[in-house]
Amino acid sequence: MEQELNIIENNRLDKLKKLKERGINPFSNDFEKKENIKDIIEKYGGRDKDFFENNRVNAETAGRIIIIRSFGKASFFRLRDGFGEIQCYIQKDAVKEKDFELFSEYIDIGDICAIKGHLFRTRTDELTIKIEHIEILTKSLLPLPEKWHGLKDIEARFRKRYVDLIASGEVREIFRKRAETINFIRSFLNSYDFLEVETPVMQANPGGATARPFKTHHNALNIELYMRIAPELYLKRLVVGGFDRVYEIGRNFRNEGISVKHNPEFTMLEFYMAYSTYEYLMDFVEKMLSELAVRICGSFEIEYGSEKLNFKPPFKRIKLKESLCAVGGFKPEEIDSADKVYEILRARNTAGISRTDSLGELLTLLFDETVEPKLVNPTFVTDYPVESSPLARRNDRDGSVTDRFELFIAGREIGNAFSELNDPIDQEERFKLQVEAKVKEGLPVEMDDDYIEALKQGLPPTAGCGIGIDRVVMLMTNSHSIRDVILFPLLKPLK
């Protein structure tokens with residue numbers, strides 16, 4: 001295979017040399033594109049053969065040649081740009097000799113060319129451009145993979161995403177839908193008077209979530225900095241400052257494992273709404289995602305693997321403890337003490353548990369293992385224990401739980417939200433406990449005194465939510481690995 005590629009590359013290098021000898025620039029930059037292929041198809045795709053026989057319609061565009069079918073003195077080829085694809089036809093007697101020689105002798109599949117011609121319909125009624133002039137804009141020195149059917153090696157697809165995109169219309173469609181998803185979410189939030197903001201990616205104190213951060217060093221200041229694991233604490237500072245509704249769509253970084261659900265660099269939406277509650281945000285998120293499903297997939301009901309997910313409101317809502325019984329199959333008396341839950345988790349060989357863990361921490365772990373995988377249709381789980389919710393407001397009726405929900409779809413967490421803890425005294429105490437826990441895990445952490453000071457200025461009653469954009473796109477595109485929806489996922493270098 002490698003020898004064959006070398007032969008092809010050498011052949012193309014030889015063509016490159018001959019083009020230059022003939023005074024043809026194989027990497028020119030003097031063509032101005034007048035029309036995208038999609039524009040041509042949208043304007044004339046509905047016209048019949050008689051129309052083109054009675055009306056000359058000129059076409060001038062450019063793109064990559066992806067298929068060539070040659071018949072000696074005539075050839076069909078397909079031209080593709082970033083917006084569409086169209087058939088072209090070149091005939092020796094219909095173009096200048098130098099144009100046909102250029103096409104037949106020097107142009108290969110993968111080359112990027114500019115063409116001029118006029119439209120007609122073939123015997124099979126396909127809209128086609130009859131070429132009158134062709135020029136090469138970029139000579140491709142490597143062949144397209146697998147005769148345009150795409151890269152079969154999954155890891156090679158991620159390493160050479162540029163080839164993957166050239167070869168696969170399905171892959172291009174995933175990333176168009178990703179862009180459409182983000183645009184919809186942005187428009188939805190803007191329509192509710194949210195302000196889009198940007199907060200620091202490099203932070204002196206990695207807060208807002210529990211995760212292992214990436215560390216870097218700032219030479220000029222001679223200080224250690226961390227790539228953010230969440231923008232939460234900075235966004236809430238902005239609410240303190242008077243921006244009642246803010247959001248950010250941006251990258252977060254967590255120096256942890258890689259799996260079908262996790263990439264160390266990922267995209268999050270976080271938004272905060274003053275004078276609101278987590279209960280209102282459940283309705284808000286439900287409306288946003290149900291409308292998104294209709295926009296991207298055309299229906300409330302979407303296919304995801306062998307499942308059909310129903311995004312039609314209202315989504316199911318259940319408390320965490322209740323879900324352990326109703327979905328996990330436990331009896332209330334089996335999970336009413338830390339010792340009992342610890343023994344259940346120990347029997348399941350759950351990693352990272354300790355006899356000193358609180359009941360709330362252990363119940364959350366038990367939920368993650370036994371309930372989360374079974375939540376297929378959109379489900380809000382509420383009433384998370386205080387111990388596993390260091391930034392959430394305590395519930396007024398039951399101080400052991402918080403005003404928090406997590407949204408689960410297709411067996412994985414999609415979003416996390418809560419009424420924000422705005423009591424600086426309570427927050428400081430919980431920060432101290434969080435610092436102690438992180439120290440035990442060997443995570444870098446310091447008390448965020450500035451955030452406590454911000455709370456002392458007064459954070460209005462506020463609710464906030466974080467949603468994993470990559471995981472939402474996975475649902476909208478029926479993708480089952482997060483690497484399928486990230487253009488350039490992190491991979492271990494080959495060398």
# chains A, B, ... in the order shown; residues from 1 in each chain; ligands from 1
>>> residues_around(residues="Arg348 (chain A)", least_positions_apart="5", cutoff="12 Å", atoms="only C-alpha atoms", output="list in words")
Val341, Tyr342, Glu343, Ile353, Leu365, Leu366, Glu369 and Thr370 of chain A
>>> closest_atom_pairs(of="region 376-477 of chain A", to="region 218-241 of chain A", cutoff="10 Å", atoms="only C-alpha atoms", output="Markdown table")
| residue | atom | partner | partner_atom | distance |
| --- | --- | --- | --- | --- |
| A:Leu391 | CA | A:Leu233 | CA | 9.5 |
| A:Glu420 | CA | A:Lys236 | CA | 8.9 |
| A:Asn422 | CA | A:Lys236 | CA | 9.7 |
| A:Pro444 | CA | A:Tyr226 | CA | 9.3 |
| A:Asp448 | CA | A:Leu233 | CA | 9.3 |
| A:Asp450 | CA | A:Arg237 | CA | 9.5 |
| A:Tyr451 | CA | A:Leu233 | CA | 6.9 |
| A:Ile452 | CA | A:Arg237 | CA | 9.9 |
| A:Glu453 | CA | A:Arg237 | CA | 9.8 |
| A:Ala454 | CA | A:Arg237 | CA | 6.3 |
| A:Leu455 | CA | A:Val240 | CA | 7.3 |
| A:Lys456 | CA | A:Val240 | CA | 9.5 |
| A:Gln457 | CA | A:Val240 | CA | 7.2 |
| A:Gly458 | CA | A:Val240 | CA | 6.2 |
| A:Leu459 | CA | A:Val240 | CA | 4.8 |
| A:Pro460 | CA | A:Val240 | CA | 7.1 |
| A:Pro461 | CA | A:Val239 | CA | 9.9 |
| A:Thr462 | CA | A:Val239 | CA | 8.3 |
| A:Ala463 | CA | A:Lys236 | CA | 9.8 |
| A:Gly464 | CA | A:Glu232 | CA | 8.5 |
| A:Cys465 | CA | A:Glu232 | CA | 9.1 |
| A:Gly466 | CA | A:Glu232 | CA | 8.5 |
>>> select_by_dssp(residues="region 110-296 of chain A", states="alpha helix (DSSP H)", output="PyMOL selection string")
chain A and resi 154-159+161-167+169-191+232-240+278-296
>>> closest_residue(among="A:Arg245, A:Arg430, A:Lys33, A:Lys287", to="Pro314 (chain A)", atoms="only C-alpha atoms")
A:Lys287
>>> closest_residue(among="A:Ile166, A:Leu362, A:Val386, A:Ile409", to="Asp426 (chain A)", atoms="only C-alpha atoms")
A:Val386
>>> residues_around(residues="region 320-333 of chain A", least_positions_apart="3", cutoff="7 Å", atoms="only C-alpha atoms", output="MDAnalysis selection string")
chainID A and resid 336 367 370:371 381:384
>>> select_by_dssp(residues="region 92-294 of chain A", states="strand (DSSP E)", output="ChimeraX atom specification")
/A:112-121,127-138,195-196,202-203,215-218,223-227,245-253,265-274
>>> write_last_selection(atoms="N, CA and C atoms", output="short mmCIF file (atom, residue, chain, number, x, y, z; two decimals), in the first residue's frame")
data_model
loop_
_atom_site.label_atom_id
_atom_site.label_comp_id
_atom_site.auth_asym_id
_atom_site.auth_seq_id
_atom_site.Cartn_x
_atom_site.Cartn_y
_atom_site.Cartn_z
N ILE A 112 -8.07 20.84 -7.21
CA ILE A 112 -9.04 21.92 -7.06
C ILE A 112 -8.96 22.77 -8.32
N CYS A 113 -10.11 22.92 -8.99
CA CYS A 113 -10.14 23.57 -10.30
C CYS A 113 -11.23 24.63 -10.38
N ALA A 114 -11.01 25.57 -11.28
CA ALA A 114 -12.04 26.56 -11.63
C ALA A 114 -12.59 26.19 -13.00
N ILE A 115 -13.89 26.33 -13.17
CA ILE A 115 -14.51 25.97 -14.45
C ILE A 115 -15.48 27.06 -14.90
N LYS A 116 -15.61 27.15 -16.23
CA LYS A 116 -16.65 27.99 -16.85
C LYS A 116 -17.38 27.12 -17.85
N GLY A 117 -18.68 27.36 -18.00
CA GLY A 117 -19.46 26.59 -18.95
C GLY A 117 -20.90 27.01 -18.93
N HIS A 118 -21.77 26.13 -19.42
CA HIS A 118 -23.20 26.41 -19.37
C HIS A 118 -23.95 25.15 -18.94
N LEU A 119 -25.16 25.35 -18.44
CA LEU A 119 -25.94 24.26 -17.87
C LEU A 119 -26.75 23.53 -18.92
N PHE A 120 -26.88 22.22 -18.72
CA PHE A 120 -27.79 21.39 -19.53
C PHE A 120 -28.19 20.20 -18.70
N ARG A 121 -29.12 19.43 -19.20
CA ARG A 121 -29.51 18.19 -18.55
C ARG A 121 -29.13 17.00 -19.43
N LEU A 127 -28.72 17.58 -13.79
CA LEU A 127 -28.20 18.92 -14.03
C LEU A 127 -26.68 18.86 -14.11
N THR A 128 -26.13 19.41 -15.20
CA THR A 128 -24.70 19.25 -15.49
C THR A 128 -24.14 20.54 -16.09
N ILE A 129 -22.88 20.82 -15.80
CA ILE A 129 -22.20 21.96 -16.42
C ILE A 129 -21.36 21.44 -17.58
N LYS A 130 -21.62 21.94 -18.78
CA LYS A 130 -20.79 21.60 -19.93
C LYS A 130 -19.61 22.57 -19.95
N ILE A 131 -18.41 22.04 -19.84
CA ILE A 131 -17.23 22.85 -19.65
C ILE A 131 -16.81 23.55 -20.95
N GLU A 132 -16.52 24.83 -20.82
CA GLU A 132 -15.94 25.61 -21.92
C GLU A 132 -14.51 26.03 -21.60
N HIS A 133 -14.20 26.10 -20.29
CA HIS A 133 -12.84 26.45 -19.88
C HIS A 133 -12.59 25.86 -18.49
N ILE A 134 -11.37 25.33 -18.31
CA ILE A 134 -10.99 24.78 -17.01
C ILE A 134 -9.57 25.20 -16.69
N GLU A 135 -9.33 25.51 -15.45
CA GLU A 135 -7.96 25.81 -15.02
C GLU A 135 -7.72 25.20 -13.65
N ILE A 136 -6.47 24.84 -13.41
CA ILE A 136 -6.13 24.23 -12.13
C ILE A 136 -5.75 25.32 -11.14
N LEU A 137 -6.31 25.23 -9.93
CA LEU A 137 -6.01 26.19 -8.87
C LEU A 137 -5.05 25.61 -7.85
N THR A 138 -5.25 24.33 -7.50
CA THR A 138 -4.38 23.66 -6.54
C THR A 138 -4.18 22.22 -6.97
N LEU A 195 -26.81 37.82 27.83
CA LEU A 195 -25.64 38.48 27.28
C LEU A 195 -24.53 37.46 27.15
N GLU A 196 -23.98 37.31 25.94
CA GLU A 196 -22.86 36.39 25.75
C GLU A 196 -21.57 37.05 26.21
N MET A 202 -7.31 30.68 31.33
CA MET A 202 -6.21 30.42 32.27
C MET A 202 -6.56 31.04 33.61
N GLN A 203 -6.53 30.23 34.65
CA GLN A 203 -6.97 30.69 35.96
C GLN A 203 -5.93 30.32 37.02
N LYS A 215 -2.03 22.07 33.97
CA LYS A 215 -1.25 23.15 34.58
C LYS A 215 -0.28 23.72 33.56
N THR A 216 -0.07 25.04 33.63
CA THR A 216 0.90 25.69 32.78
C THR A 216 1.63 26.74 33.59
N HIS A 217 2.61 27.39 32.99
CA HIS A 217 3.41 28.38 33.71
C HIS A 217 3.47 29.67 32.91
N HIS A 218 3.21 30.78 33.60
CA HIS A 218 3.31 32.09 32.97
C HIS A 218 4.69 32.66 33.27
N ILE A 223 4.27 32.59 37.61
CA ILE A 223 3.25 31.94 38.44
C ILE A 223 2.69 30.72 37.71
N GLU A 224 2.20 29.78 38.50
CA GLU A 224 1.51 28.62 37.94
C GLU A 224 0.06 29.01 37.62
N LEU A 225 -0.41 28.58 36.45
CA LEU A 225 -1.79 28.80 36.06
C LEU A 225 -2.40 27.46 35.64
N TYR A 226 -3.73 27.43 35.61
CA TYR A 226 -4.45 26.22 35.26
C TYR A 226 -5.44 26.53 34.15
N MET A 227 -5.58 25.59 33.23
CA MET A 227 -6.65 25.69 32.23
C MET A 227 -7.96 25.43 32.94
N ARG A 245 -28.42 38.23 33.26
CA ARG A 245 -28.50 37.01 32.44
C ARG A 245 -27.24 36.94 31.56
N VAL A 246 -26.40 35.96 31.83
CA VAL A 246 -25.16 35.81 31.08
C VAL A 246 -24.98 34.36 30.66
N TYR A 247 -24.23 34.19 29.56
CA TYR A 247 -23.88 32.83 29.15
C TYR A 247 -22.55 32.84 28.43
N GLU A 248 -21.95 31.67 28.41
CA GLU A 248 -20.69 31.48 27.67
C GLU A 248 -20.71 30.10 27.04
N ILE A 249 -20.34 30.04 25.77
CA ILE A 249 -20.12 28.77 25.07
C ILE A 249 -18.62 28.70 24.80
N GLY A 250 -17.94 27.81 25.48
CA GLY A 250 -16.49 27.80 25.34
C GLY A 250 -15.86 26.50 25.77
N ARG A 251 -14.55 26.46 25.65
CA ARG A 251 -13.79 25.26 25.94
C ARG A 251 -13.48 25.14 27.43
N ASN A 252 -13.62 23.93 27.94
CA ASN A 252 -13.15 23.56 29.26
C ASN A 252 -12.11 22.45 29.10
N PHE A 253 -11.27 22.28 30.13
CA PHE A 253 -10.17 21.34 30.04
C PHE A 253 -10.08 20.52 31.33
N GLU A 265 -10.44 18.09 26.21
CA GLU A 265 -10.85 19.43 25.81
C GLU A 265 -12.26 19.32 25.24
N PHE A 266 -13.20 20.03 25.82
CA PHE A 266 -14.59 19.88 25.39
C PHE A 266 -15.31 21.23 25.46
N THR A 267 -16.48 21.28 24.86
CA THR A 267 -17.23 22.53 24.78
C THR A 267 -18.43 22.50 25.72
N MET A 268 -18.54 23.55 26.52
CA MET A 268 -19.66 23.66 27.47
C MET A 268 -20.44 24.94 27.22
N LEU A 269 -21.73 24.84 27.45
CA LEU A 269 -22.58 26.02 27.61
C LEU A 269 -22.85 26.19 29.09
N GLU A 270 -22.58 27.37 29.62
CA GLU A 270 -23.02 27.70 30.98
C GLU A 270 -23.79 29.01 30.92
N PHE A 271 -24.96 29.02 31.57
CA PHE A 271 -25.73 30.26 31.61
C PHE A 271 -26.32 30.46 33.00
N TYR A 272 -26.50 31.72 33.37
CA TYR A 272 -26.96 32.11 34.70
C TYR A 272 -28.06 33.15 34.57
N MET A 273 -29.11 32.97 35.39
CA MET A 273 -30.27 33.83 35.34
C MET A 273 -30.61 34.29 36.75
N ALA A 274 -30.46 35.59 36.97
CA ALA A 274 -30.81 36.15 38.28
C ALA A 274 -32.32 36.14 38.48
#
>>> closest_residue(among="A:Gly84, A:Pro213, A:Pro313, A:Gly257", to="Asn377 (chain A)", atoms="only C-alpha atoms")
A:Pro313
>>> decode(residues="region 20-56 of chain A", atoms="N, CA and C atoms", output="short mmCIF file (atom, residue, chain, number, x, y, z; two decimals), in the first residue's frame")
data_model
loop_
_atom_site.label_atom_id
_atom_site.label_comp_id
_atom_site.auth_asym_id
_atom_site.auth_seq_id
_atom_site.Cartn_x
_atom_site.Cartn_y
_atom_site.Cartn_z
N LYS A 20 4.60 23.43 -14.25
CA LYS A 20 5.45 24.60 -14.05
C LYS A 20 6.28 24.89 -15.28
N GLU A 21 6.77 23.82 -15.95
CA GLU A 21 7.56 24.00 -17.17
C GLU A 21 6.74 24.64 -18.27
N ARG A 22 5.42 24.39 -18.25
CA ARG A 22 4.53 24.99 -19.26
C ARG A 22 4.05 26.37 -18.87
N GLY A 23 4.54 26.86 -17.74
CA GLY A 23 4.16 28.21 -17.31
C GLY A 23 2.82 28.26 -16.60
N ILE A 24 2.32 27.10 -16.15
CA ILE A 24 1.05 27.04 -15.42
C ILE A 24 1.34 26.97 -13.93
N ASN A 25 0.79 27.88 -13.16
CA ASN A 25 0.99 27.88 -11.71
C ASN A 25 0.03 26.88 -11.08
N PRO A 26 0.53 25.79 -10.51
CA PRO A 26 -0.37 24.78 -9.93
C PRO A 26 -0.87 25.15 -8.55
N PHE A 27 -0.50 26.32 -8.06
CA PHE A 27 -0.99 26.80 -6.76
C PHE A 27 -1.33 28.29 -6.90
N SER A 28 -2.22 28.58 -7.84
CA SER A 28 -2.52 29.98 -8.16
C SER A 28 -3.47 30.59 -7.14
N ASN A 29 -3.55 31.89 -7.18
CA ASN A 29 -4.42 32.60 -6.22
C ASN A 29 -5.04 33.83 -6.87
N ASP A 30 -5.42 33.69 -8.13
CA ASP A 30 -5.97 34.85 -8.85
C ASP A 30 -7.38 34.61 -9.38
N PHE A 31 -8.05 33.58 -8.83
CA PHE A 31 -9.42 33.29 -9.26
C PHE A 31 -10.41 33.80 -8.23
N GLU A 32 -11.38 34.56 -8.67
CA GLU A 32 -12.43 35.05 -7.78
C GLU A 32 -13.72 34.27 -8.06
N LYS A 33 -14.17 33.55 -7.06
CA LYS A 33 -15.35 32.70 -7.24
C LYS A 33 -16.62 33.53 -7.28
N LYS A 34 -17.40 33.34 -8.33
CA LYS A 34 -18.63 34.12 -8.49
C LYS A 34 -19.83 33.45 -7.82
N GLU A 35 -19.90 32.13 -7.93
CA GLU A 35 -21.06 31.40 -7.40
C GLU A 35 -20.60 30.14 -6.69
N ASN A 36 -21.28 29.80 -5.59
CA ASN A 36 -21.12 28.49 -4.98
C ASN A 36 -21.97 27.49 -5.74
N ILE A 37 -21.60 26.22 -5.66
CA ILE A 37 -22.35 25.19 -6.37
C ILE A 37 -23.79 25.13 -5.87
N LYS A 38 -23.96 25.32 -4.57
CA LYS A 38 -25.32 25.30 -4.01
C LYS A 38 -26.18 26.39 -4.64
N ASP A 39 -25.61 27.56 -4.90
CA ASP A 39 -26.37 28.66 -5.51
C ASP A 39 -26.87 28.26 -6.89
N ILE A 40 -26.01 27.61 -7.66
CA ILE A 40 -26.38 27.18 -9.01
C ILE A 40 -27.53 26.18 -8.96
N ILE A 41 -27.40 25.21 -8.04
CA ILE A 41 -28.43 24.16 -7.94
C ILE A 41 -29.75 24.74 -7.45
N GLU A 42 -29.69 25.63 -6.46
CA GLU A 42 -30.92 26.23 -5.93
C GLU A 42 -31.61 27.09 -6.99
N LYS A 43 -30.82 27.75 -7.83
CA LYS A 43 -31.40 28.65 -8.82
C LYS A 43 -31.98 27.90 -10.02
N TYR A 44 -31.30 26.81 -10.41
CA TYR A 44 -31.69 26.17 -11.66
C TYR A 44 -32.02 24.67 -11.53
N GLY A 45 -31.97 24.14 -10.30
CA GLY A 45 -32.24 22.72 -10.13
C GLY A 45 -33.64 22.31 -10.51
N GLY A 46 -34.58 23.24 -10.47
CA GLY A 46 -35.97 22.92 -10.81
C GLY A 46 -36.31 23.09 -12.28
N ARG A 47 -35.36 23.54 -13.10
CA ARG A 47 -35.61 23.77 -14.52
C ARG A 47 -35.45 22.46 -15.31
N ASP A 48 -36.30 22.29 -16.34
CA ASP A 48 -36.26 21.06 -17.13
C ASP A 48 -35.34 21.21 -18.34
N LYS A 49 -35.21 20.12 -19.10
CA LYS A 49 -34.30 20.07 -20.24
C LYS A 49 -34.66 21.12 -21.29
N ASP A 50 -35.95 21.31 -21.53
CA ASP A 50 -36.39 22.28 -22.55
C ASP A 50 -35.93 23.69 -22.19
N PHE A 51 -35.94 24.02 -20.92
CA PHE A 51 -35.52 25.36 -20.52
C PHE A 51 -34.08 25.63 -20.94
N PHE A 52 -33.20 24.66 -20.70
CA PHE A 52 -31.78 24.88 -21.02
C PHE A 52 -31.53 24.82 -22.52
N GLU A 53 -32.37 24.09 -23.25
CA GLU A 53 -32.23 24.08 -24.71
C GLU A 53 -32.65 25.40 -25.31
N ASN A 54 -33.57 26.10 -24.65
CA ASN A 54 -34.07 27.38 -25.17
C ASN A 54 -33.41 28.59 -24.52
N ASN A 55 -32.68 28.38 -23.43
CA ASN A 55 -32.05 29.49 -22.70
C ASN A 55 -30.62 29.09 -22.33
N ARG A 56 -29.66 29.87 -22.73
CA ARG A 56 -28.28 29.59 -22.36
C ARG A 56 -28.03 30.13 -20.95
#
